[in-house]
Amino acid sequence: MVVFPNAKINIGLNIIEKRNDGFHNIESCFYPVGWTDALEILPADELSFKSSGIDIPGAPQHNLCLKTYQLLAADYHLPHVDIHLLKTVPIGAGLGGGSADAAFTIKALNDLFSLGISLEKQLAYARRLGSDCAFFLVNEPAYCFSKGDHFEPITLNLTGKWITLINPGLHISTADAYAGIVPQKPEKDLRELLKQPLHSWKDAVKNDFEDSLFSKYQVLSEIKNSLYTQGAVYASMTGSGSTVYGIFEKEINLAPMYAQYLTWQGYLV
Ligand SMILES: C[C@](O)(CO)[C@H](O)COP(=O)(O)OP(=O)(O)OC[C@H]1O[C@@H](n2ccc(N)nc2=O)[C@H](O)[C@@H]1O
Ligand SMILES: Nc1ncnc2c1ncn2[C@@H]1O[C@H](COP(=O)(O)OP(=O)(O)OP(=O)(O)O)[C@@H](O)[C@H]1O
């Protein structure tokens with residue numbers, strides 16, 4: 001079975017308060033984008049994992065795909081599998097790439113071996129693997145809250161808008177990024193702001209990670225400003241960085257302009 005775990009962007013991200021468990025309560029709109037890895041899972045005589053494409057830091061046995069397999073294998077009789085991950089989505093990039101791999105592994109194992117795991121139970125497994133992970137099981141635009149691991153549908157349709165994602169190759173640790181933030185309650189409800197027309201988001205819809213990371217890494221604010229110069233209706237960093245995106249009314253090919261960086265562009269669906 002081959003599946004294509006996709007990335008997400010955060011449209012607005014408020015870091016509201018630090019929790020007793022050390023995590024933060026946040027609120028954000030998560031929106032799926034078409035930048036994908038490829039993940040093949042096949043029945044095999046022995047359990048194995050290999051990856052190609054972008055190098056994944058850490059030992060293969062710590063890969064989220066294997067961790068997911070082991071989590072399910074503790075509760076279900078799972079045959080051995082060969083897992084091959086072609087890693088294309090940049091890592092430590094605010095795109096939720098590792099979380100998507102984990103969520104798609106849950107879904108693929110459930111389908112491949114007809115495990116019959118309910119969505120509720122899949123969500124519970126996902127929450128044990130990472131805060132972003134649960135979203136990818138449903139993979140539709142959502143208002144996410146709590147640790148980012150609970151969500152409800154949001155009426156936000158950006159279908160047909162063009163998006164360009166620019167990753168300058170900085171690996172930003174999510175934990176370090178959260179450690180640099182002083183949480184605060186948002187003045188306005190993000191869901192209300194996102195009901196306003198796209199062109200009004202520029203000065204209203206904020207990612208709370210931007211201030212601290214933009215002063216540390218000037219290249220991030222330069223990319224954001226240049227996306228506006230190129231005609232973006234809305235531009236922002238996603239998650240804890242380092243990817244910055246611009247949303248455009250019409251298709252525009254910016255890949256040559258950002259040739260020194262990793263880029264992905266396409267229509268939102
Ligand atoms: C920045 C976002 O991508 C926004 O969507 C997510 O909040 C990050 O989610 P993630 O990569 O799945 O993060 P996890 O693997 O769950 O946590 C990594 C680390 O980030 C910090 N963390 C994460 C999520 C959260 N709500 N509060 C936190 O403080 C914690 O230090 C945690 O140890
Ligand atoms: N399948 C995987 N893909 C990416 N990273 C993985 C994977 N499995 C384990 N990891 C580990 O997770 C770390 C990346 O986690 P991190 O949360 O920073 O990035 P991410 O999952 O790419 O997305 P985001 O920056 O949105 O959280 C890597 O350094 C790597 O050690």
# chains A, B, ... in the order shown; residues from 1 in each chain; ligands from 1
call {"tool": "select_by_dssp", "arguments": {"residues": "stretch 164-204 of chain A", "states": "strand (DSSP E)", "output": "PyMOL selection string"}}
result
chain A and resi 164-167
call {"tool": "write_last_selection", "arguments": {"atoms": "N, CA and C atoms", "output": "short mmCIF file (atom, residue, chain, number, x, y, z; two decimals), in the first residue's frame"}}
result
data_model
loop_
_atom_site.label_atom_id
_atom_site.label_comp_id
_atom_site.auth_asym_id
_atom_site.auth_seq_id
_atom_site.Cartn_x
_atom_site.Cartn_y
_atom_site.Cartn_z
N THR A 164 2.44 29.47 -2.30
CA THR A 164 3.88 29.20 -2.44
C THR A 164 4.47 29.04 -1.06
N LEU A 165 5.19 27.94 -0.85
CA LEU A 165 5.84 27.67 0.43
C LEU A 165 7.35 27.76 0.22
N ILE A 166 8.01 28.51 1.09
CA ILE A 166 9.46 28.68 0.96
C ILE A 166 10.11 28.19 2.25
N ASN A 167 11.02 27.25 2.11
CA ASN A 167 11.73 26.75 3.29
C ASN A 167 13.21 27.07 3.16
#
call {"tool": "residues_near_ligand", "arguments": {"ligand": "ligand 1", "cutoff": "7 Å", "atoms": "only C-alpha atoms and all ligand atoms", "output": "ChimeraX atom specification"}}
result
/A:10,22-26,94-96,99,130-133,146-148,174-175,178,239-240
call {"tool": "closest_residue", "arguments": {"among": "A:Asp101, A:Glu17, A:Asp111, A:Glu140", "to": "A:Pro32", "atoms": "only C-alpha atoms"}}
result
A:Glu140
call {"tool": "residues_near_ligand", "arguments": {"ligand": "ligand 2", "cutoff": "10 Å", "atoms": "only C-alpha atoms and all ligand atoms", "output": "ChimeraX atom specification"}}
result
/A:5,7-10,37,39,51,54-68,85-102,105,130-133,171-177,238-243
call {"tool": "residues_around", "arguments": {"residues": "A:Thr229", "least_positions_apart": "5", "cutoff": "12 Å", "atoms": "only C-alpha atoms", "output": "list in words"}}
result
Glu222, Ile223, Lys224, Tyr234, Ala235, Gly246, Phe248 and Leu254 of chain A
